[in-house]
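Notes follow the structure.
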Amino acid sequence: MLLLKSVKELKNAIKFYKTTHSSVGFVPTMGALHSGHISLVERCKKENDTTICSIFINPLQFNDKIDFIKYPVTIEKDIEMLINSGVDILFLPDKKTIYPENFNSIEFDLEGLDNLFEGEKRPGHFKGVANVLKIFFEIITPDNAYFGQKDFQQTLIVKKIVEKLNLPINIKICEIIREDSGLAMSSRNSRLNEFQRKNAKFLFKILNELKSEIRNGDVKNSLQNAKNKINLVENANCEYLEILNRNDLSPIKQNEYLNKSIIIAAVNYCNVRLIDNIFI
Ligand code: AMP
């Protein structure tokens with residue numbers, strides 16, 4: 001695996017790979033890798049001749065400074081995992097490489113999608129995501145880029161960015177990888193202690209119960225019951241729990257809920273934000 005830190009080196013390597021291989025796939029991450037990230041890498045490897053992964057903790061997408069400072073860093077283990085999974089290039093830039101002193105962030109018209117749910121709870125988050133992805137996409141010019149359904153709202157935003165910038169990149173969405181308990185894997189789970197991490201399975205369990213309940217009953221009541229169940233868990237606070245249209249996160253009407261909808265949730269549990277979703 002090539003480990004590259006500068007844009008020039010990366011561009012040269014990509015030029016070389018593009019002359020000898022046909023397709024380039026890209027997996028952006030913020031490190032502290034787990035099996036969820038590796039599942040993206042594995043799919044990317046299957047579908048492309050060259051797999052490029054990046055690790056960059058993007059300061060622009062953190063609205064909460066403490067969350068940024070406390071974001072887990074496990075770079076040596078990450079490098080080992082990426083070598084073992086057969087990544088061709090790891091791009092590991094520092095902050096100045098991505099955001100030189102003269103950098104000005106861009107406003108994207110994300111058609112309001114950036115102000116809902118995660119965007120509302122984390123103001124500026126999606127603007128930061130959009131800016132860093134624009135930079136990565138322009139440097140790497142991948143044919144395919146891989147994102148997790150775990151961050152479902154982000155996948156819609158990424159598709160919008162690619163559409164607005166008119167970039168010839170296919171956005172591929174990969175299923176959520178879970179711990180045995182059902183808890184969606186996340187780098188931030190490492191902030192939970194062993195007991196809390198086991199207990200955090202409550203969220204996936206409640207989402208599944210809600211999914212079966214709404215099939216036979218009143219959507220509004222089932223949603224409220226599920227919120228109550230979450231809030232009854234010690235140290236858990238439901239930030240949002242909604243059943244929405246999967247295409248644009250618009251509200252769904254009663255009776256429409258079985259068709260192309262999604263349940264999305266964010267819960268603050270022991271000061272860690274758990275986000276999860278399931279398709280209906
Ligand atoms: P992050 O490092 O958190 O920015 O995540 C990098 C990519 O991995 C994003 O596209 C995430 O949606 C994806 N990802 C994170 N957790 C999981 C998971 N449990 N299963 C599948 N993909 C994931």
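Every chain in the structure tokens takes a letter, A first, then B, and so on in the order presented; its residues are numbered from 1, and the ligands are numbered from 1 following the presented order.
Around Ile135 in chain A, within 10 Å and counting only C-alpha atoms, the residues found are Ile98, Tyr99, Ala130, Ile140 and Thr141 of chain A, once anything fewer than 5 positions away on its own chain is removed.
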Legend entry - Residue list (helix (DSSP H, G or I), DSSP) for range 34-194 of chain A, as JSON, numbers by chain: {"A": [35, 36, 37, 38, 39, 40, 41, 42, 43, 44, 45, 46, 47, 59, 60, 61, 65, 66, 67, 68, 69, 75, 76, 77, 78, 79, 80, 81, 82, 83, 84, 95, 96, 97, 98, 113, 114, 115, 117, 118, 119, 120, 121, 125, 126, 127, 128, 129, 130, 131, 132, 133, 134, 135, 136, 137, 138, 139, 140, 149, 150, 151, 152, 153, 154, 155, 156, 157, 158, 159, 160, 161, 162, 163, 164, 187, 188, 189, 190, 191, 194]}
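The residue that comes closest to Gln196 in chain A, out of A:Asn237, A:Asn271, A:Asn225, A:Asn245 and on the basis of only C-alpha atoms, is A:Asn271.
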Legend entry - Pick from A:Ser187, A:Asn235, A:Asn84, A:Gln154 nearest to Ala32 in chain A, counting only C-alpha atoms: A:Ser187
Inset, instruction - Please check which protein, DNA or RNA residues sit within 6 Å of ligand 1, counting only C-alpha atoms and all ligand atoms, and write them as a ChimeraX atom specification. - result: /A:28-31,36-37,147-151,175-178,184-186
Generate the output file for the selected residues, N, CA and C atoms, as a PDB file, in the first residue's frame.
ATOM      1  N   PRO A  28     -13.725   7.579   1.458  1.00  0.00           N
ATOM      2  CA  PRO A  28     -13.285   8.588   2.438  1.00  0.00           C
ATOM      3  C   PRO A  28     -13.664   8.196   3.867  1.00  0.00           C
ATOM      4  N   THR A  29     -12.728   8.397   4.799  1.00  0.00           N
ATOM      5  CA  THR A  29     -13.015   8.100   6.211  1.00  0.00           C
ATOM      6  C   THR A  29     -12.335   9.140   7.104  1.00  0.00           C
ATOM      7  N   MET A  30     -12.707   9.070   8.382  1.00  0.00           N
ATOM      8  CA  MET A  30     -12.019   9.912   9.366  1.00  0.00           C
ATOM      9  C   MET A  30     -11.167   9.045  10.303  1.00  0.00           C
ATOM     10  N   GLY A  31     -10.899   7.807   9.882  1.00  0.00           N
ATOM     11  CA  GLY A  31     -10.044   6.932  10.689  1.00  0.00           C
ATOM     12  C   GLY A  31     -10.776   6.306  11.852  1.00  0.00           C
ATOM     13  N   GLY A  36     -17.112  -1.709   9.717  1.00  0.00           N
ATOM     14  CA  GLY A  36     -17.995  -0.947   8.827  1.00  0.00           C
ATOM     15  C   GLY A  36     -17.185  -0.288   7.714  1.00  0.00           C
ATOM     16  N   HIS A  37     -16.092   0.377   8.095  1.00  0.00           N
ATOM     17  CA  HIS A  37     -15.224   1.011   7.087  1.00  0.00           C
ATOM     18  C   HIS A  37     -14.657  -0.047   6.141  1.00  0.00           C
ATOM     19  N   PHE A 147     -19.970   5.094   0.370  1.00  0.00           N
ATOM     20  CA  PHE A 147     -20.449   5.711   1.609  1.00  0.00           C
ATOM     21  C   PHE A 147     -21.374   4.729   2.321  1.00  0.00           C
ATOM     22  N   GLY A 148     -21.469   4.866   3.644  1.00  0.00           N
ATOM     23  CA  GLY A 148     -22.278   3.941   4.432  1.00  0.00           C
ATOM     24  C   GLY A 148     -23.707   4.442   4.626  1.00  0.00           C
ATOM     25  N   GLN A 149     -24.634   3.522   4.543  1.00  0.00           N
ATOM     26  CA  GLN A 149     -26.044   3.834   4.831  1.00  0.00           C
ATOM     27  C   GLN A 149     -26.213   4.299   6.284  1.00  0.00           C
ATOM     28  N   LYS A 150     -25.229   3.947   7.115  1.00  0.00           N
ATOM     29  CA  LYS A 150     -25.253   4.365   8.522  1.00  0.00           C
ATOM     30  C   LYS A 150     -25.493   5.881   8.623  1.00  0.00           C
ATOM     31  N   ASP A 151     -24.831   6.649   7.736  1.00  0.00           N
ATOM     32  CA  ASP A 151     -25.030   8.097   7.702  1.00  0.00           C
ATOM     33  C   ASP A 151     -25.948   8.401   6.521  1.00  0.00           C
ATOM     34  N   GLU A 175     -24.351  -1.230   2.992  1.00  0.00           N
ATOM     35  CA  GLU A 175     -25.214  -1.542   4.141  1.00  0.00           C
ATOM     36  C   GLU A 175     -24.510  -1.276   5.485  1.00  0.00           C
ATOM     37  N   ILE A 176     -25.314  -1.154   6.527  1.00  0.00           N
ATOM     38  CA  ILE A 176     -24.778  -0.861   7.864  1.00  0.00           C
ATOM     39  C   ILE A 176     -24.191  -2.143   8.473  1.00  0.00           C
ATOM     40  N   ILE A 177     -22.971  -2.058   8.940  1.00  0.00           N
ATOM     41  CA  ILE A 177     -22.361  -3.192   9.635  1.00  0.00           C
ATOM     42  C   ILE A 177     -22.571  -2.969  11.141  1.00  0.00           C
ATOM     43  N   ARG A 178     -23.027  -4.036  11.793  1.00  0.00           N
ATOM     44  CA  ARG A 178     -23.411  -3.932  13.208  1.00  0.00           C
ATOM     45  C   ARG A 178     -22.558  -4.841  14.080  1.00  0.00           C
ATOM     46  N   ALA A 184     -25.072  -0.352  15.675  1.00  0.00           N
ATOM     47  CA  ALA A 184     -24.364   0.023  14.450  1.00  0.00           C
ATOM     48  C   ALA A 184     -22.930   0.413  14.809  1.00  0.00           C
ATOM     49  N   MET A 185     -21.968  -0.150  14.090  1.00  0.00           N
ATOM     50  CA  MET A 185     -20.571   0.181  14.400  1.00  0.00           C
ATOM     51  C   MET A 185     -20.316   1.652  14.129  1.00  0.00           C
ATOM     52  N   SER A 186     -19.506   2.265  14.976  1.00  0.00           N
ATOM     53  CA  SER A 186     -19.170   3.676  14.820  1.00  0.00           C
ATOM     54  C   SER A 186     -17.873   3.944  15.572  1.00  0.00           C
TER      55      SER A 186
END
Legend entry - Spatial neighbours of Asn131 in chain A, 12 Å, only C-alpha atoms, chain gap at least 6 places, as a ChimeraX atom specification: /A:58-61,98-99,103-109,124-125,137-138,157-158,161-162,165
Next, write the just-selected residues to a file, as a compact mmCIF listing (two decimals), in the first residue's frame, keeping N, CA, C and O atoms as the atom set.
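New file again16.txt:
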# COMPACT_ATOMS: atom_id res chain seq x y z
N ASN A 58 -11.93 15.87 9.44
CA ASN A 58 -12.22 17.15 8.80
C ASN A 58 -12.73 18.19 9.81
O ASN A 58 -13.89 18.12 10.23
N PRO A 59 -11.89 19.16 10.20
CA PRO A 59 -12.33 20.10 11.24
C PRO A 59 -13.58 20.87 10.85
O PRO A 59 -14.39 21.22 11.70
N LEU A 60 -13.75 21.10 9.54
CA LEU A 60 -14.87 21.91 9.07
C LEU A 60 -16.24 21.29 9.34
O LEU A 60 -17.26 21.98 9.34
N GLN A 61 -16.29 19.98 9.55
CA GLN A 61 -17.61 19.37 9.74
C GLN A 61 -17.97 19.14 11.20
O GLN A 61 -19.00 18.57 11.51
N ILE A 98 -5.15 20.22 2.99
CA ILE A 98 -6.54 20.30 2.51
C ILE A 98 -7.04 21.75 2.56
O ILE A 98 -7.75 22.20 1.66
N TYR A 99 -6.68 22.45 3.62
CA TYR A 99 -7.14 23.83 3.78
C TYR A 99 -5.93 24.77 3.91
O TYR A 99 -5.54 25.13 5.02
N PHE A 103 -7.57 29.34 1.86
CA PHE A 103 -8.79 28.58 1.55
C PHE A 103 -10.05 29.34 1.97
O PHE A 103 -10.14 29.87 3.06
N ASN A 104 -11.01 29.39 1.04
CA ASN A 104 -12.32 29.95 1.38
C ASN A 104 -13.37 28.88 1.18
O ASN A 104 -13.43 28.29 0.10
N SER A 105 -14.19 28.66 2.19
CA SER A 105 -15.20 27.60 2.03
C SER A 105 -16.31 28.07 1.08
O SER A 105 -16.54 29.28 0.91
N ILE A 106 -16.95 27.10 0.48
CA ILE A 106 -17.98 27.39 -0.52
C ILE A 106 -19.35 27.10 0.07
O ILE A 106 -19.51 26.19 0.89
N GLU A 107 -20.34 27.88 -0.34
CA GLU A 107 -21.72 27.61 0.04
C GLU A 107 -22.33 26.70 -1.04
O GLU A 107 -22.21 26.99 -2.22
N PHE A 108 -22.94 25.62 -0.63
CA PHE A 108 -23.63 24.75 -1.58
C PHE A 108 -25.13 24.90 -1.39
O PHE A 108 -25.59 25.02 -0.25
N ASP A 109 -25.85 24.89 -2.50
CA ASP A 109 -27.30 24.86 -2.36
C ASP A 109 -27.73 23.40 -2.27
O ASP A 109 -27.82 22.71 -3.27
N GLY A 124 -23.82 23.61 10.31
CA GLY A 124 -22.57 23.73 9.55
C GLY A 124 -21.95 22.39 9.18
O GLY A 124 -21.01 22.32 8.38
N HIS A 125 -22.47 21.31 9.77
CA HIS A 125 -21.87 19.99 9.55
C HIS A 125 -21.81 19.62 8.07
O HIS A 125 -20.76 19.27 7.53
N PHE A 137 -12.84 14.91 -4.22
CA PHE A 137 -13.32 14.44 -5.52
C PHE A 137 -12.51 15.08 -6.65
O PHE A 137 -12.20 14.43 -7.64
N GLU A 138 -12.17 16.36 -6.49
CA GLU A 138 -11.42 17.03 -7.56
C GLU A 138 -9.97 16.54 -7.64
O GLU A 138 -9.40 16.46 -8.72
N ILE A 157 -26.93 13.86 0.70
CA ILE A 157 -26.17 15.10 0.51
C ILE A 157 -25.05 14.87 -0.52
O ILE A 157 -24.83 15.70 -1.40
N VAL A 158 -24.36 13.75 -0.39
CA VAL A 158 -23.25 13.47 -1.31
C VAL A 158 -23.77 13.37 -2.75
O VAL A 158 -23.17 13.93 -3.68
N ILE A 161 -24.33 16.84 -3.99
CA ILE A 161 -23.08 17.57 -4.29
C ILE A 161 -22.57 17.17 -5.68
O ILE A 161 -22.22 18.02 -6.50
N VAL A 162 -22.58 15.86 -5.92
CA VAL A 162 -22.07 15.34 -7.19
C VAL A 162 -22.94 15.85 -8.35
O VAL A 162 -22.42 16.25 -9.40
N LEU A 165 -22.26 19.69 -8.79
CA LEU A 165 -20.94 19.98 -9.38
C LEU A 165 -20.77 19.29 -10.72
O LEU A 165 -19.74 19.43 -11.37
Inset, instruction - Mind giving me the straight-line distance from CA of Tyr71 in chain A to CA of Thr97 in chain A in Å, one decimal? - result: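 CA of Tyr71 in chain A sits 19.9 Å away from CA of Thr97 in chain A.
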Inset, instruction - For range 14-19 of chain A, list every protein, DNA or RNA residue within 10 Å, evaluated using only C-alpha atoms, and leave out those in the same chain fewer than 3 positions away; present the list as an MDAnalysis selection string. - result: chainID A and resid 8:11 22:24 49:50 52 88:89 139:142
Keeping N, CA, C and O atoms, export the residues of the selection given above as a PDB file, in the first residue's frame.
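Below is the file that was written, result.pdb:
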ATOM      1  N   LYS A   8       0.373  16.419  -4.601  1.00  0.00           N
ATOM      2  CA  LYS A   8       1.181  16.195  -5.802  1.00  0.00           C
ATOM      3  C   LYS A   8       1.503  14.701  -5.957  1.00  0.00           C
ATOM      4  O   LYS A   8       1.315  14.114  -7.026  1.00  0.00           O
ATOM      5  N   GLU A   9       1.958  14.097  -4.855  1.00  0.00           N
ATOM      6  CA  GLU A   9       2.290  12.660  -4.891  1.00  0.00           C
ATOM      7  C   GLU A   9       1.047  11.837  -5.258  1.00  0.00           C
ATOM      8  O   GLU A   9       1.118  10.898  -6.042  1.00  0.00           O
ATOM      9  N   LEU A  10      -0.067  12.230  -4.665  1.00  0.00           N
ATOM     10  CA  LEU A  10      -1.298  11.473  -4.901  1.00  0.00           C
ATOM     11  C   LEU A  10      -1.715  11.576  -6.362  1.00  0.00           C
ATOM     12  O   LEU A  10      -2.049  10.573  -7.007  1.00  0.00           O
ATOM     13  N   LYS A  11      -1.653  12.805  -6.892  1.00  0.00           N
ATOM     14  CA  LYS A  11      -2.062  13.002  -8.297  1.00  0.00           C
ATOM     15  C   LYS A  11      -1.165  12.202  -9.238  1.00  0.00           C
ATOM     16  O   LYS A  11      -1.641  11.609 -10.210  1.00  0.00           O
ATOM     17  N   SER A  22      -8.107   0.472 -15.235  1.00  0.00           N
ATOM     18  CA  SER A  22      -9.190   1.303 -15.761  1.00  0.00           C
ATOM     19  C   SER A  22      -9.986   2.079 -14.705  1.00  0.00           C
ATOM     20  O   SER A  22     -10.189   3.271 -14.855  1.00  0.00           O
ATOM     21  N   SER A  23     -10.405   1.460 -13.632  1.00  0.00           N
ATOM     22  CA  SER A  23     -11.309   2.205 -12.741  1.00  0.00           C
ATOM     23  C   SER A  23     -10.698   2.491 -11.369  1.00  0.00           C
ATOM     24  O   SER A  23      -9.929   1.699 -10.827  1.00  0.00           O
ATOM     25  N   VAL A  24     -11.071   3.642 -10.827  1.00  0.00           N
ATOM     26  CA  VAL A  24     -10.577   4.051  -9.501  1.00  0.00           C
ATOM     27  C   VAL A  24     -11.767   4.208  -8.553  1.00  0.00           C
ATOM     28  O   VAL A  24     -12.736   4.897  -8.867  1.00  0.00           O
ATOM     29  N   ASP A  49     -10.448  -1.357 -10.141  1.00  0.00           N
ATOM     30  CA  ASP A  49      -9.082  -1.857 -10.290  1.00  0.00           C
ATOM     31  C   ASP A  49      -8.177  -1.280  -9.207  1.00  0.00           C
ATOM     32  O   ASP A  49      -7.243  -1.927  -8.753  1.00  0.00           O
ATOM     33  N   THR A  50      -8.448  -0.028  -8.844  1.00  0.00           N
ATOM     34  CA  THR A  50      -7.612   0.641  -7.835  1.00  0.00           C
ATOM     35  C   THR A  50      -8.501   1.165  -6.713  1.00  0.00           C
ATOM     36  O   THR A  50      -9.533   1.785  -6.981  1.00  0.00           O
ATOM     37  N   ILE A  52      -8.606   3.610  -3.408  1.00  0.00           N
ATOM     38  CA  ILE A  52      -7.960   4.688  -2.645  1.00  0.00           C
ATOM     39  C   ILE A  52      -8.817   4.969  -1.411  1.00  0.00           C
ATOM     40  O   ILE A  52     -10.031   5.117  -1.522  1.00  0.00           O
ATOM     41  N   ASP A  88      -4.916   0.068  -2.180  1.00  0.00           N
ATOM     42  CA  ASP A  88      -3.736   0.402  -2.990  1.00  0.00           C
ATOM     43  C   ASP A  88      -3.058   1.672  -2.498  1.00  0.00           C
ATOM     44  O   ASP A  88      -1.839   1.739  -2.412  1.00  0.00           O
ATOM     45  N   ILE A  89      -3.896   2.704  -2.212  1.00  0.00           N
ATOM     46  CA  ILE A  89      -3.323   3.988  -1.773  1.00  0.00           C
ATOM     47  C   ILE A  89      -4.083   4.490  -0.553  1.00  0.00           C
ATOM     48  O   ILE A  89      -5.323   4.534  -0.562  1.00  0.00           O
ATOM     49  N   ILE A 139      -9.399  16.187  -6.504  1.00  0.00           N
ATOM     50  CA  ILE A 139      -8.017  15.671  -6.532  1.00  0.00           C
ATOM     51  C   ILE A 139      -8.005  14.243  -7.086  1.00  0.00           C
ATOM     52  O   ILE A 139      -7.194  13.887  -7.941  1.00  0.00           O
ATOM     53  N   ILE A 140      -8.913  13.422  -6.593  1.00  0.00           N
ATOM     54  CA  ILE A 140      -8.845  11.971  -6.868  1.00  0.00           C
ATOM     55  C   ILE A 140      -9.566  11.582  -8.165  1.00  0.00           C
ATOM     56  O   ILE A 140      -9.196  10.603  -8.808  1.00  0.00           O
ATOM     57  N   THR A 141     -10.562  12.357  -8.538  1.00  0.00           N
ATOM     58  CA  THR A 141     -11.411  12.050  -9.713  1.00  0.00           C
ATOM     59  C   THR A 141     -11.754  10.551  -9.799  1.00  0.00           C
ATOM     60  O   THR A 141     -11.458   9.889 -10.799  1.00  0.00           O
ATOM     61  N   PRO A 142     -12.380  10.025  -8.749  1.00  0.00           N
ATOM     62  CA  PRO A 142     -12.708   8.593  -8.775  1.00  0.00           C
ATOM     63  C   PRO A 142     -13.855   8.299  -9.739  1.00  0.00           C
ATOM     64  O   PRO A 142     -14.645   9.199 -10.050  1.00  0.00           O
TER      65      PRO A 142
END
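CA of Tyr146 in chain A sits 6.9 Å away from CA of Cys44 in chain A.
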